[in-house]
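Asks: Contents of data.txt (compact mmCIF, C-alpha atoms):
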# COMPACT_ATOMS: atom_id res chain seq x y z
CA MET T 7 0.00 0.00 0.00
CA ASP T 8 1.09 3.55 -0.68
CA GLU T 9 2.67 5.05 2.44
CA LEU T 10 0.41 8.06 2.41
CA GLU T 11 -2.72 5.95 2.01
CA LEU T 12 -1.79 4.00 5.11
CA LEU T 13 -1.22 7.25 6.93
CA LYS T 14 -4.54 8.61 5.74
CA LYS T 15 -6.38 5.60 7.10
CA ASP T 16 -4.82 6.08 10.51
CA TRP T 17 -5.30 9.85 10.34
CA LYS T 18 -9.04 9.34 10.02
CA ASN T 19 -9.10 6.79 12.81
CA ALA T 20 -7.31 9.17 15.15
CA GLU T 21 -10.11 11.70 14.71
CA LYS T 22 -11.89 10.56 17.87
CA HIS T 23 -8.79 10.68 20.06
CA TYR T 24 -8.11 14.38 19.96
CA PRO T 25 -8.69 16.37 23.14
CA SER T 26 -12.02 18.10 23.27
CA LEU T 27 -11.74 21.62 24.63
CA SER T 28 -14.76 23.15 26.29
CA HIS T 29 -16.46 26.38 25.30
CA ASP T 30 -14.91 28.11 28.31
CA GLU T 31 -11.41 26.93 27.54
CA ILE T 32 -11.59 28.21 23.99
CA TYR T 33 -13.21 31.45 25.13
CA LYS T 34 -10.29 32.03 27.49
CA MET T 35 -7.84 31.41 24.68
CA THR T 36 -9.38 34.08 22.47
CA HIS T 37 -8.52 36.56 25.20
CA SER T 38 -4.92 35.50 25.69
CA LYS T 39 -1.96 37.35 24.27
CA SER T 40 -0.61 36.54 20.86
CA SER T 41 3.07 35.77 20.49
CA SER T 42 3.05 35.93 16.71
CA ILE T 43 6.10 37.01 14.78
CA VAL T 44 4.13 39.88 13.23
CA LYS T 45 3.61 41.37 16.65
CA TRP T 46 7.33 41.22 17.35
CA ILE T 47 8.19 42.71 14.00
CA PHE T 48 5.68 45.46 14.61
CA TYR T 49 7.12 46.45 18.00
CA ILE T 50 10.72 46.30 16.84
CA SER T 51 9.83 48.38 13.79
CA LEU T 52 8.08 50.98 15.93
CA ILE T 53 11.22 51.37 18.01
CA GLU T 54 13.34 51.76 14.89
CA LEU T 55 10.97 54.23 13.30
CA GLY T 56 10.82 56.23 16.52
CA LEU T 57 14.57 56.30 16.97
CA GLY T 58 15.02 57.59 13.43
CA LEU T 59 12.57 60.42 13.99
CA ILE T 60 14.10 61.40 17.31
CA LEU T 61 17.52 61.43 15.70
CA ALA T 62 16.28 63.70 12.94
CA LEU T 63 14.42 66.08 15.24
CA VAL T 64 16.98 66.38 17.99
CA ASN T 65 20.05 67.30 16.01
CA PRO T 66 22.75 66.45 18.49
CA ARG T 67 25.18 69.31 18.97
CA ILE T 68 28.30 68.06 20.61
CA ASP T 69 30.20 71.29 20.77
CA ASN T 70 28.33 74.55 20.99
CA GLU T 71 31.35 76.64 20.18
CA ILE T 72 31.35 75.53 16.63
CA ILE T 73 28.96 77.36 14.37
CA TYR T 74 27.56 75.15 11.69
CA PRO T 75 26.28 76.70 8.48
CA THR T 76 22.52 76.90 8.19
CA TRP T 77 22.44 74.80 5.02
CA LEU T 78 23.72 71.85 7.01
CA GLU T 79 20.84 72.19 9.44
CA ALA T 80 18.42 72.59 6.56
CA ILE T 81 19.56 69.28 5.11
CA GLY T 82 18.90 67.72 8.49
CA TYR T 83 15.29 68.84 8.49
CA PHE T 84 14.90 67.89 4.86
CA THR T 85 15.12 64.24 5.86
CA ILE T 86 11.95 64.41 7.97
CA PRO T 87 9.52 64.14 5.01
CA VAL T 88 11.53 61.17 3.75
CA LEU T 89 11.24 59.46 7.13
CA ILE T 90 7.52 60.18 7.25
CA TYR T 91 7.15 58.64 3.81
CA PHE T 92 8.82 55.47 5.09
CA ILE T 93 6.54 55.38 8.12
CA VAL T 94 3.41 55.72 5.97
CA MET T 95 4.66 52.94 3.70
CA PHE T 96 5.35 50.77 6.73
CA TYR T 97 1.86 51.35 8.07
CA LYS T 98 0.28 50.53 4.70
CA ASN T 99 2.29 47.35 4.34
CA TYR T 100 1.56 46.33 7.90
CA LYS T 101 -2.16 46.76 7.32
CA SER T 102 -2.00 44.46 4.32
CA ILE T 103 -0.87 41.52 6.46
CA SER T 104 -3.80 39.17 6.80
CA ALA T 105 -3.94 35.64 8.17
CA THR T 106 -6.63 34.81 5.61
CA ASP T 107 -4.36 35.30 2.61
CA ASN T 108 -2.68 32.30 1.09
CA VAL T 109 0.60 31.23 2.66
CA ARG T 110 2.79 32.70 -0.05
CA LYS T 111 1.11 36.08 -0.07
CA LEU T 112 1.15 36.29 3.70
CA ILE T 113 4.89 35.64 3.93
CA LYS T 114 5.50 38.06 1.06
CA ASN T 115 3.59 40.84 2.81
CA ILE T 116 5.42 40.29 6.08
CA LEU T 117 8.79 40.36 4.37
CA LYS T 118 7.77 43.50 2.46
CA THR T 119 6.87 45.25 5.70
CA ARG T 120 10.22 44.31 7.14
CA LYS T 121 12.01 45.50 4.02
CA THR T 122 10.52 48.99 4.32
CA VAL T 123 12.01 49.31 7.78
CA LYS T 124 15.31 47.94 6.52
CA TYR T 125 15.53 50.66 3.89
CA TYR T 126 14.50 53.20 6.50
CA VAL T 127 17.35 52.17 8.76
CA LEU T 128 19.79 52.04 5.86
CA PHE T 129 18.75 55.53 4.80
CA ASN T 130 19.23 56.76 8.35
CA LEU T 131 22.64 55.15 8.68
CA ILE T 132 23.99 56.47 5.40
CA PHE T 133 22.54 59.88 5.99
CA THR T 134 23.92 60.05 9.52
CA GLY T 135 27.27 58.92 8.15
CA ILE T 136 27.45 61.64 5.50
CA PHE T 137 26.00 64.25 7.80
CA SER T 138 28.48 63.60 10.57
CA ALA T 139 31.35 63.44 8.08
CA ILE T 140 30.53 66.94 6.89
CA ALA T 141 30.04 68.13 10.45
CA VAL T 142 33.37 66.72 11.57
CA PHE T 143 35.07 68.36 8.59
CA ILE T 144 33.61 71.74 9.42
CA ALA T 145 34.38 71.35 13.11
CA TYR T 146 37.97 70.40 12.37
CA ILE T 147 38.55 73.39 10.14
CA GLN T 148 37.02 75.75 12.65
CA ALA T 149 39.06 74.25 15.45
CA SER T 150 42.24 74.79 13.48
CA GLY T 151 41.51 78.49 13.19
CA GLY T 152 39.10 78.89 10.34
CA TYR T 153 39.07 78.01 6.70
CA GLU T 154 41.57 80.63 5.54
CA LYS T 155 44.19 79.72 8.07
CA PHE T 156 43.73 76.05 7.36
CA ASN T 157 44.01 76.75 3.65
CA GLU T 158 47.27 78.61 4.08
CA THR T 159 49.01 76.02 6.17
CA ALA T 160 47.52 72.79 4.89
CA HIS T 161 48.81 70.93 1.91
CA PHE T 162 47.32 68.18 -0.16
CA LYS T 163 48.58 65.56 2.27
CA GLU T 164 46.72 67.05 5.23
CA TYR T 165 43.55 67.29 3.21
CA ALA T 166 43.83 63.74 2.05
CA ILE T 167 44.45 62.35 5.52
CA LEU T 168 41.57 64.32 6.99
CA VAL T 169 39.10 63.18 4.34
CA LEU T 170 40.33 59.61 4.50
CA VAL T 171 39.98 59.40 8.28
CA ILE T 172 36.45 60.81 8.16
CA VAL T 173 35.34 58.51 5.37
CA LEU T 174 36.86 55.47 7.03
CA PHE T 175 35.21 56.17 10.35
CA SER T 176 31.82 56.78 8.75
CA ALA T 177 32.09 53.61 6.67
CA LEU T 178 33.13 51.57 9.68
CA PHE T 179 30.25 52.93 11.72
CA ILE T 180 27.72 52.10 9.00
CA ALA T 181 29.22 48.65 8.41
CA ILE T 182 29.11 47.67 12.10
CA ALA T 183 25.59 48.95 12.59
CA TYR T 184 24.34 47.25 9.45
CA GLY T 185 26.16 44.04 10.30
CA LEU T 186 24.47 43.81 13.68
CA TYR T 187 21.16 44.61 12.07
CA TYR T 188 21.61 41.94 9.44
CA LEU T 189 22.46 39.38 12.10
CA LEU T 190 19.42 40.23 14.19
CA TYR T 191 17.01 39.91 11.29
CA GLY T 192 18.77 36.92 9.88
CA ILE T 193 17.81 35.10 13.06
CA LEU T 194 14.34 36.59 13.40
CA LEU T 195 13.27 36.01 9.81
CA LYS T 196 15.14 32.78 9.12
CA ARG T 197 12.07 30.60 9.10
CA LEU T 198 10.01 33.03 7.03
CA ASN T 199 12.71 33.37 4.42
CA ARG T 200 13.22 29.63 4.24
CA ASN T 201 9.53 28.93 3.72
CA TYR T 202 9.17 31.72 1.20
CA ASP T 203 12.14 30.43 -0.77
CA GLU T 204 10.63 26.97 -0.73
CA LEU T 205 7.39 28.30 -2.26
CA LYS T 206 9.23 30.51 -4.73
CA LYS T 207 11.38 27.60 -5.83
CA LEU T 208 8.20 25.82 -6.84
CA GLU T 209 7.20 28.58 -9.20
CA VAL T 210 10.33 28.47 -11.35
CA MET M 39 -23.18 42.54 19.85
CA ASN M 40 -19.48 41.85 20.24
CA LYS M 41 -20.13 39.31 22.99
CA GLU M 42 -22.68 37.60 20.83
CA LEU M 43 -20.21 37.47 17.94
CA GLU M 44 -17.58 36.05 20.23
CA HIS M 45 -19.80 33.29 21.52
CA ARG M 46 -20.86 32.39 18.03
CA PHE M 47 -17.21 32.20 17.06
CA VAL M 48 -16.26 30.02 20.03
CA GLU M 49 -19.18 27.74 19.30
CA GLN M 50 -18.11 27.23 15.71
CA LEU M 51 -14.49 26.74 16.67
CA GLN M 52 -15.41 24.24 19.35
CA LYS M 53 -17.37 22.25 16.82
CA HIS M 54 -14.48 22.19 14.36
CA GLN M 55 -11.61 22.13 16.86
CA ASN M 56 -10.25 18.88 15.45
CA ILE M 57 -8.90 20.79 12.45
CA VAL M 58 -6.73 22.86 14.78
CA HIS M 59 -5.64 19.80 16.75
CA LYS M 60 -4.60 18.12 13.55
CA VAL M 61 -2.50 21.10 12.44
CA CYS M 62 -0.85 21.08 15.87
CA ARG M 63 -0.21 17.37 15.63
CA LEU M 64 1.84 17.80 12.46
CA TYR M 65 3.68 20.96 13.40
CA THR M 66 4.58 20.27 17.00
CA ASN M 67 6.03 17.32 18.83
CA ASN M 68 5.10 17.70 22.46
CA ALA M 69 2.01 18.53 24.46
CA ASP M 70 3.18 21.99 25.56
CA ALA M 71 3.94 23.08 22.04
CA HIS M 72 0.64 21.61 20.90
CA ASN M 73 -1.24 23.78 23.39
CA ASP M 74 0.83 26.84 22.51
CA LEU M 75 0.11 26.52 18.84
CA PHE M 76 -3.56 25.75 19.48
CA GLN M 77 -3.82 28.96 21.46
CA GLU M 78 -2.07 31.04 18.81
CA ILE M 79 -4.30 29.65 16.05
CA THR M 80 -7.35 30.44 18.17
CA ILE M 81 -6.15 34.04 18.62
CA GLN M 82 -5.47 34.44 14.91
CA LEU M 83 -8.84 32.93 13.99
CA TRP M 84 -10.64 35.26 16.36
CA ARG M 85 -8.78 38.28 14.99
CA ALA M 86 -9.61 37.36 11.44
CA TYR M 87 -13.19 36.42 12.28
CA PRO M 88 -14.73 39.87 11.64
CA LYS M 89 -13.46 39.55 8.07
CA PHE M 90 -14.91 36.08 7.66
CA ARG M 91 -17.83 36.67 5.40
CA GLY M 92 -19.31 33.26 5.34
CA ASP M 93 -18.99 32.91 1.58
CA SER M 94 -16.55 30.12 2.29
CA LYS M 95 -17.19 27.38 4.79
CA PHE M 96 -16.01 28.07 8.33
CA SER M 97 -13.93 24.90 8.25
CA THR M 98 -12.29 25.78 4.90
CA TRP M 99 -11.40 29.17 6.29
CA MET M 100 -9.96 27.49 9.38
CA TYR M 101 -7.56 25.42 7.31
CA ARG M 102 -6.08 28.56 5.83
CA VAL M 103 -5.68 30.53 9.04
CA GLY M 104 -4.48 27.44 10.89
CA LEU M 105 -1.76 26.65 8.39
CA ASN M 106 -0.76 30.29 8.08
CA THR M 107 -0.28 30.44 11.81
CA ALA M 108 1.69 27.20 11.98
CA ILE M 109 3.93 28.05 9.02
CA THR M 110 4.35 31.78 9.32
CA LEU M 111 3.03 33.53 12.38
CA TYR M 112 3.78 31.14 15.19
CA ARG M 113 7.05 31.72 17.00
CA LYS M 114 8.54 28.57 18.34
CA SER M 115 8.67 28.81 22.07
CA LYS M 116 11.78 27.72 23.90
CA ARG M 117 10.01 24.72 25.27
CA ARG M 118 9.49 23.38 21.83
CA ILE M 119 11.96 20.81 20.63
CA ASN M 120 13.00 21.68 17.11
CA THR M 121 11.90 19.33 14.40
CA GLN M 122 15.07 17.65 13.39
CA GLU M 123 16.57 17.99 9.99
CA PHE M 124 16.77 14.85 7.92
CA ASN M 125 19.03 12.65 9.95
CA THR M 126 20.28 9.56 8.20
CA VAL M 127 22.11 8.09 11.14
CA GLU M 128 19.03 8.04 13.27
CA PHE M 129 17.03 6.45 10.52
CA LYS M 130 19.51 3.74 9.78
CA ILE M 131 19.11 2.53 13.33
CA LYS M 132 15.37 2.72 13.00
CA ALA M 133 15.44 0.88 9.73
CA GLU M 134 17.15 -2.05 11.35
CA GLU M 135 14.33 -2.30 13.84
CA TYR M 136 11.92 -2.06 10.95
CA ASP M 137 9.09 -4.43 11.43
CA ASP M 138 6.47 -5.09 8.85
CA THR M 139 3.60 -4.72 11.24
CA GLU M 140 1.35 -1.83 10.39
CA GLU M 141 1.78 -0.12 13.69
CA GLN M 142 5.52 -0.04 13.46
CA GLN M 143 5.26 1.32 9.96
CA LEU M 144 2.87 4.02 11.08
CA LYS M 145 5.20 5.10 13.83
CA LEU M 146 8.00 5.51 11.35
CA LEU M 147 5.69 7.28 8.95
CA TYR M 148 4.69 9.90 11.49
CA LYS M 149 8.30 10.38 12.41
CA ALA M 150 9.18 10.80 8.76
CA VAL M 151 6.41 13.36 8.26
CA HIS M 152 7.75 15.32 11.21
CA GLN M 153 11.06 15.58 9.43
CA LEU M 154 9.56 17.28 6.39
CA ASN M 155 9.85 21.05 6.09
CA ASP M 156 6.95 23.39 6.87
CA ILE M 157 5.65 23.60 3.32
CA GLU M 158 5.89 19.87 2.72
CA LYS M 159 3.99 19.26 5.94
CA ALA M 160 1.23 21.55 4.71
CA LEU M 161 0.93 19.52 1.52
CA VAL M 162 0.76 16.25 3.44
CA PHE M 163 -1.78 17.73 5.85
CA LEU M 164 -4.12 18.92 3.10
CA TYR M 165 -3.71 15.61 1.31
CA LEU M 166 -4.61 13.68 4.46
CA GLU M 167 -7.64 15.92 4.81
CA ASP M 168 -8.81 14.89 1.34
CA LYS M 169 -8.37 18.33 -0.15
CA ASP M 170 -8.06 18.43 -3.94
CA TYR M 171 -5.14 20.04 -5.72
CA ARG M 172 -7.17 23.13 -6.48
CA GLU M 173 -7.68 23.83 -2.80
CA ILE M 174 -4.11 22.88 -1.94
CA SER M 175 -2.76 25.30 -4.54
CA GLN M 176 -5.09 28.08 -3.39
CA THR M 177 -4.15 27.64 0.24
CA LEU M 178 -0.43 27.72 -0.42
CA GLY M 179 -0.47 30.29 -3.22
CA ILE M 180 1.16 28.10 -5.86
CA THR M 181 -0.20 26.71 -9.14
CA GLU M 182 -2.08 23.43 -9.32
CA VAL M 183 0.60 21.86 -11.50
CA ASN M 184 3.30 22.78 -9.02
CA ALA M 185 1.24 21.46 -6.14
CA ARG M 186 1.08 18.10 -7.93
CA VAL M 187 4.78 18.10 -8.71
CA LYS M 188 5.64 18.97 -5.13
CA MET M 189 3.30 16.32 -3.77
CA ASN M 190 5.01 13.65 -5.86
CA ARG M 191 8.36 14.81 -4.56
CA VAL M 192 7.10 14.63 -0.99
CA LYS M 193 5.91 11.07 -1.57
CA LYS M 194 9.32 10.17 -2.91
CA LYS M 195 11.03 11.86 -0.03
CA LEU M 196 8.93 9.92 2.46
CA LYS M 197 9.82 6.69 0.69
CA THR M 198 13.52 7.55 0.91
CA ILE M 199 13.27 8.36 4.59
CA LEU M 200 11.49 5.06 5.23
CA ASN M 201 13.70 2.91 3.03
CA PRO M 202 17.17 4.43 3.11
What is this file in structure tokens?
Replies:
Amino acid sequence: MDELELLKKDWKNAEKHYPSLSHDEIYKMTHSKSSSIVKWIFYISLIELGLGLILALVNPRIDNEIIYPTWLEAIGYFTIPVLIYFIVMFYKNYKSISATDNVRKLIKNILKTRKTVKYYVLFNLIFTGIFSAIAVFIAYIQASGGYEKFNETAHFKEYAILVLVIVLFSALFIAIAYGLYYLLYGILLKRLNRNYDELKKLEV
Amino acid sequence: MNKELEHRFVEQLQKHQNIVHKVCRLYTNNADAHNDLFQEITIQLWRAYPKFRGDSKFSTWMYRVGLNTAITLYRKSKRRINTQEFNTVEFKIKAEEYDDTEEQQLKLLYKAVHQLNDIEKALVFLYLEDKDYREISQTLGITEVNARVKMNRVKKKLKTILNP
């Protein structure tokens, strides 16, 4: 006999052996807390979205003695509409997650929601990197007595070293942050990705 | 109104609770995990219930939400023992004990099914529940042809696990 047919026969026989939960027991369950992955993703995303906004609104000023040009500040505020766009997209994607969709669509929607936040964080990281690189550059020049003085004394070598150090530090910062992020989501979404790949593989 | 809706929901779920138990049976391997998953499916069903329009059967709708929860939404709790990956060593030992009695074979079969991946389990589950390929494909979101192809592969895989 076919293996599955044998299993099917037993499967039907087992029907009467399952536990029978009472009305009250099930009622209680409907009021218990969900531990679904979507809930986790939602909370983590909220924290990330919030942190990004706080970072954009509260421009940290490390040293008050340095006067930054207004255009630099303007760029800082310019990012707020971009962040809001991401948040709206996140909300829309999140709303589209429904347990009554088919398996493939459900996983796809969850991953899409996650991806929006990923791009949001990436945008924040890169922007913070560039922004702080410019800020450090300006601060350094001011600290060494203003642009003219720096220009007089500095040669190509000094310029090159300064730019290199700033770029390296920014890149390192972004790489470490993104690496940690990647690791965290690699673990959290491992099962989802695996199942989605399995379904996608079938469609080739 | 809401209370009335809730009681109607619980009533329907209680009547069809075997569907949920069966999903739990395939996707978990101890009593604690079984209860955990049962609870999560119940929560997801209740949440989705306002959108249930009754144009499909309550039980059909349950299959979808139940599988979605087991495959996608449910987070394995720490108590749950992970379903092992295909482990040849273990099965060689088992194969030596292989006895032709039906019960022994069934035991091995269930063990083999537990070793399948989440998607393969869903196919086996729907097959055991006498669902046709149309419904299987609609539940998983793949084409009917691919559902058939995959089902044949699962059958082969089960055979290999049982007769290494």
Asks: To one decimal place in Å, what is the distance between atom CA of T:Asn108 and atom CA of M:Gly179?
Replies: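 Atom CA of T:Asn108 sits 5.2 Å away from atom CA of M:Gly179.
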Asks: Please compute the atom CA of T:Leu131-atom CA of T:Ile180 distance, one decimal, in Å.
Replies: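 Computing the Euclidean distance for atom CA of T:Leu131 and atom CA of T:Ile180 yields 5.9 Å.
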Asks: Go through M:Val187, M:Lys197, M:Asp170, M:Glu158 one by one, measure the shortest atom-to-atom distance of each to M:Leu146 using all atoms listed in the file, and give the residue with the smallest value.
Replies: M:Lys197
Asks: In Å to one decimal, how far is atom CA of T:Gly58 from atom CA of T:Tyr126?
Replies: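 One can read the atom CA of T:Tyr126 to atom CA of T:Gly58 distance as 8.2 Å.
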Asks: List as a list in words: which residues have an atom within 10 Å of (33.1, 59.5, 13.7), counting all atoms listed in the file?
Replies: Gly135, Ser138, Ala139, Ala141, Val142, Val171, Ile172, Val173, Leu174, Phe175, Ser176, Ala177, Leu178 and Phe179 of chain T
Asks: Identify which of the residues T:Leu205, T:Thr85, T:Ala183, T:Leu112 lies closest to M:Leu105, counting only C-alpha atoms when measuring atom-to-atom distances.
Replies: T:Leu112
Asks: I'd like the neighbourhood of stretch 11-21 of chain T as number ranges by chain, where a residue qualifies if any of its atoms comes within 10 Å (using all atoms listed in the file), though same-chain residues fewer than 6 positions away should be ignored.
Replies: M: 56-57, 59-60, 140-141, 143-145, 147-148, 151, 162-163, 165-168
Asks: Which residues, written as a ChimeraX atom specification, have at least one atom at most 10 Å from T:Lys124, with all atoms listed in the file counted and residues fewer than 6 positions away on the same chain left out?
Replies: /T:51,54,118,130,184,187-188,191
Asks: Given a cut-off of 6 Å, which residues of chain T touch chain M, counting only C-alpha atoms, written out as a list in words?
Replies: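 Residues satisfying the distance criterion: Lys14, Met35, Thr36, Ser42, Ile43, Ala105, Thr106, Asn108, Val109 and Arg110 of chain T.
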Asks: Using all atoms listed in the file, which of T:Ile182, T:Ile136, T:Leu117, T:Ile167 sits nearest T:Lys196?
Replies: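 Using all atoms listed in the file, T:Lys196 sits closest to T:Leu117.
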Asks: From the set T:Ile103, T:Ala80, T:Leu63, T:Leu189, which residue has the shortest atom-to-atom contact distance to T:Lys45, counting only C-alpha atoms?
Replies: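 For T:Lys45, the nearest of the given residues is T:Ile103.
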Asks: Between T:Tyr146, T:Thr119, T:Ile73, T:Ile60, which one has atoms that come closest to T:Ile86, using all atoms listed in the file?
Replies: T:Ile60
Asks: Counting only C-alpha atoms, select every polymer residue within 8 Å of (-0.2, 43.6, 11.2) as defined in the file's coordinates, and provide the selection as a list in words.
Replies: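 Here is the list of nearby residues: Val44, Lys45, Phe48, Tyr100, Lys101, Ser102, Ile103 and Ser104 of chain T.
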